[in-house]
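Colleague: The following block contains the structure, expressed as structure tokens.
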Amino acid sequence: MPRAEVINLMDELMLIGLTHYYMLVDEREKMRAIFKLYSSLIINQCIIFCRSNKRAEMLSRKLNEKKYQNEYLHSNMKGDERIKVFERFRHGEFKTLVSSNLLARGIDVQTVNVVINFDFPSESSIYLHRIGRSGRFGQIGLAINLITERDQENVIKIEK
């Protein structure tokens, strides 16, 4: 396109009523941070985002070991299996869904009031879509980001 323009609508797209928190942690302290958050927050329903399918399964397993009822969802699952898990989550059969970026776009579950980025994304569009799963329909929401030293550059990039 000879006269293409870039339009940034990030400020307009940020959800009213959504509060962002950043926790600087070592990679090996992320699990303890999740357990601390669960003991400190009132969570209706929560989506926890991980950077890979394998990490989503690992986190789900560790949460279940500590008796935090949850399920995971990622792209390596069969479509009908993903639909069943998501519908069970939508109907409130469990409180926490651990996911890869598969759920970052296009889902609306009114009762999700907390989104946790277990692994901080590297792109602003992914960040926006992930946190947008909370605070839907005019509700108050929390976006909690577990940040490691290596994520700090991405935080600055996304803030800009």
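Just remember, in the structure tokens the first chain shown is A, the second B, etc., residues are 1-based per chain, and ligands are 1-based in the order shown.
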I need the alpha helix (DSSP H) residues of range 9-126 of chain A per DSSP on the backbone, written as a compact mmCIF listing (two decimals) with C-alpha atoms, in the first residue's frame.

Modeller:
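Result saved to part-v7.txt:
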```
# COMPACT_ATOMS: atom_id res chain seq x y z
CA MET A 10 -4.29 0.04 22.69
CA ASP A 11 -5.38 2.85 25.04
CA GLU A 12 -8.96 2.64 23.82
CA LEU A 13 -9.02 -1.16 24.05
CA LYS A 30 6.22 -19.15 40.31
CA MET A 31 4.37 -22.11 41.82
CA ARG A 32 4.65 -20.69 45.32
CA ALA A 33 3.38 -17.35 43.98
CA ILE A 34 0.32 -19.07 42.48
CA PHE A 35 -0.47 -20.80 45.78
CA LYS A 36 -0.07 -17.50 47.64
CA LEU A 37 -2.44 -15.78 45.22
CA TYR A 38 -5.02 -18.51 45.69
CA SER A 39 -4.88 -18.13 49.45
CA SER A 40 -5.17 -14.31 49.22
CA ASN A 53 1.10 -26.90 26.05
CA LYS A 54 3.60 -28.82 28.15
CA ARG A 55 3.77 -26.07 30.80
CA ALA A 56 -0.04 -25.88 30.93
CA GLU A 57 -0.23 -29.60 31.68
CA MET A 58 2.56 -29.37 34.28
CA LEU A 59 0.93 -26.45 36.09
CA SER A 60 -2.47 -28.16 36.04
CA ARG A 61 -0.95 -31.31 37.54
CA LYS A 62 0.79 -29.33 40.32
CA LEU A 63 -2.40 -27.42 41.14
CA ASN A 64 -4.33 -30.70 41.36
CA GLU A 65 -1.66 -32.13 43.67
CA GLY A 79 -11.35 -30.66 19.28
CA ASP A 80 -14.23 -32.47 20.95
CA GLU A 81 -12.18 -32.90 24.13
CA ARG A 82 -11.37 -29.16 24.18
CA ILE A 83 -15.05 -28.30 23.70
CA LYS A 84 -16.07 -30.57 26.61
CA VAL A 85 -13.48 -29.06 28.97
CA PHE A 86 -14.42 -25.51 27.99
CA GLU A 87 -18.16 -26.14 28.39
CA ARG A 88 -17.58 -27.65 31.84
CA PHE A 89 -15.58 -24.53 32.76
CA ARG A 90 -18.25 -22.22 31.32
CA SER A 124 1.13 -6.67 23.23
CA SER A 125 -1.71 -8.21 21.21
CA ILE A 126 -1.35 -11.52 23.06
```

Colleague: Between A:Ile42, A:Glu159, A:Asn70, A:Ile48, which one has atoms that come closest to Ile144 in chain A, using only C-alpha atoms?

Modeller: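 Of the candidates, the smallest distance to Ile144 in chain A is held by A:Ile48.
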
Colleague: Give me, as a ChimeraX atom specification, the residues of chain A that a backbone DSSP run labels strand (DSSP E or B).

Modeller: /A:18-24,45-49,70-73,96-99,112-117,141-147

Colleague: Write the residues of the selection above to a file with C-alpha atoms, as a CSV table (one decimal), in the first residue's frame.

Modeller:
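Here's the written file selection-v5.csv:
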```
chain,number,residue,atom,x,y,z
A,18,LEU,CA,-9.5,-4.3,35.0
A,19,THR,CA,-6.6,-3.9,37.3
A,20,HIS,CA,-3.1,-5.1,36.3
A,21,TYR,CA,-0.6,-6.4,38.9
A,22,TYR,CA,3.0,-7.4,38.3
A,23,MET,CA,4.9,-9.8,40.6
A,24,LEU,CA,8.6,-10.0,40.1
A,45,GLN,CA,-13.2,-18.3,38.1
A,46,CYS,CA,-9.7,-18.0,36.8
A,47,ILE,CA,-7.7,-18.6,33.6
A,48,ILE,CA,-4.0,-19.1,33.9
A,49,PHE,CA,-2.0,-18.7,30.7
A,70,ASN,CA,-8.7,-27.3,37.6
A,71,GLU,CA,-8.3,-28.6,34.1
A,72,TYR,CA,-6.1,-27.6,31.2
A,73,LEU,CA,-6.8,-26.8,27.6
A,96,THR,CA,-9.5,-22.7,37.2
A,97,LEU,CA,-8.6,-23.3,33.6
A,98,VAL,CA,-4.9,-23.6,32.7
A,99,SER,CA,-4.4,-22.8,29.0
A,112,VAL,CA,-13.9,-15.1,35.2
A,113,ASN,CA,-12.7,-12.4,37.4
A,114,VAL,CA,-8.9,-13.2,37.5
A,115,VAL,CA,-6.5,-13.9,34.7
A,116,ILE,CA,-2.9,-14.9,35.6
A,117,ASN,CA,-0.1,-14.8,33.2
A,141,GLY,CA,-11.3,-8.0,36.9
A,142,LEU,CA,-7.7,-8.7,37.9
A,143,ALA,CA,-4.8,-9.4,35.6
A,144,ILE,CA,-1.9,-10.7,37.5
A,145,ASN,CA,1.4,-11.1,35.8
A,146,LEU,CA,4.3,-13.3,37.1
A,147,ILE,CA,7.4,-11.5,35.8
```

Colleague: Using only C-alpha atoms for the distances, tell me which of A:Gln69, A:Asn44, A:Thr148, A:Ser100 is nearest to Arg130 in chain A.

Modeller: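 Closest residue, counting only C-alpha atoms: A:Ser100.
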
Colleague: Between CA of Leu41 in chain A and CA of Phe120 in chain A, measure the distance and give it in Å to one decimal.

Modeller: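 Atom-to-atom, CA of Leu41 in chain A and CA of Phe120 in chain A are spaced 20.1 Å apart.
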
Colleague: Hey, which of A:Val109, A:Ser52, A:Gly132, A:Phe94 ends up closest to Lys67 in chain A? Count only C-alpha atoms.

Modeller: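 Of the candidates, the smallest distance to Lys67 in chain A is held by A:Phe94.
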
Colleague: Can you pull out every residue within 8 Å of Ile158 in chain A, counting only C-alpha atoms, but drop anything in the same chain fewer than 5 positions away, and send it as a PDB file with C-alpha atoms, in the first residue's frame?

Modeller:
```
ATOM      1  CA  SER A 122       6.186 -11.244  24.338  1.00  0.00           C
ATOM      2  CA  GLU A 123       3.613  -9.377  22.237  1.00  0.00           C
ATOM      3  CA  SER A 124       1.131  -6.672  23.228  1.00  0.00           C
ATOM      4  CA  TYR A 127      -1.239  -9.673  26.392  1.00  0.00           C
TER       5      TYR A 127
END
```

Colleague: Between CA of Thr111 in chain A and CA of Glu29 in chain A, measure the distance and give it in Å to one decimal.

Modeller: 28.0 Å
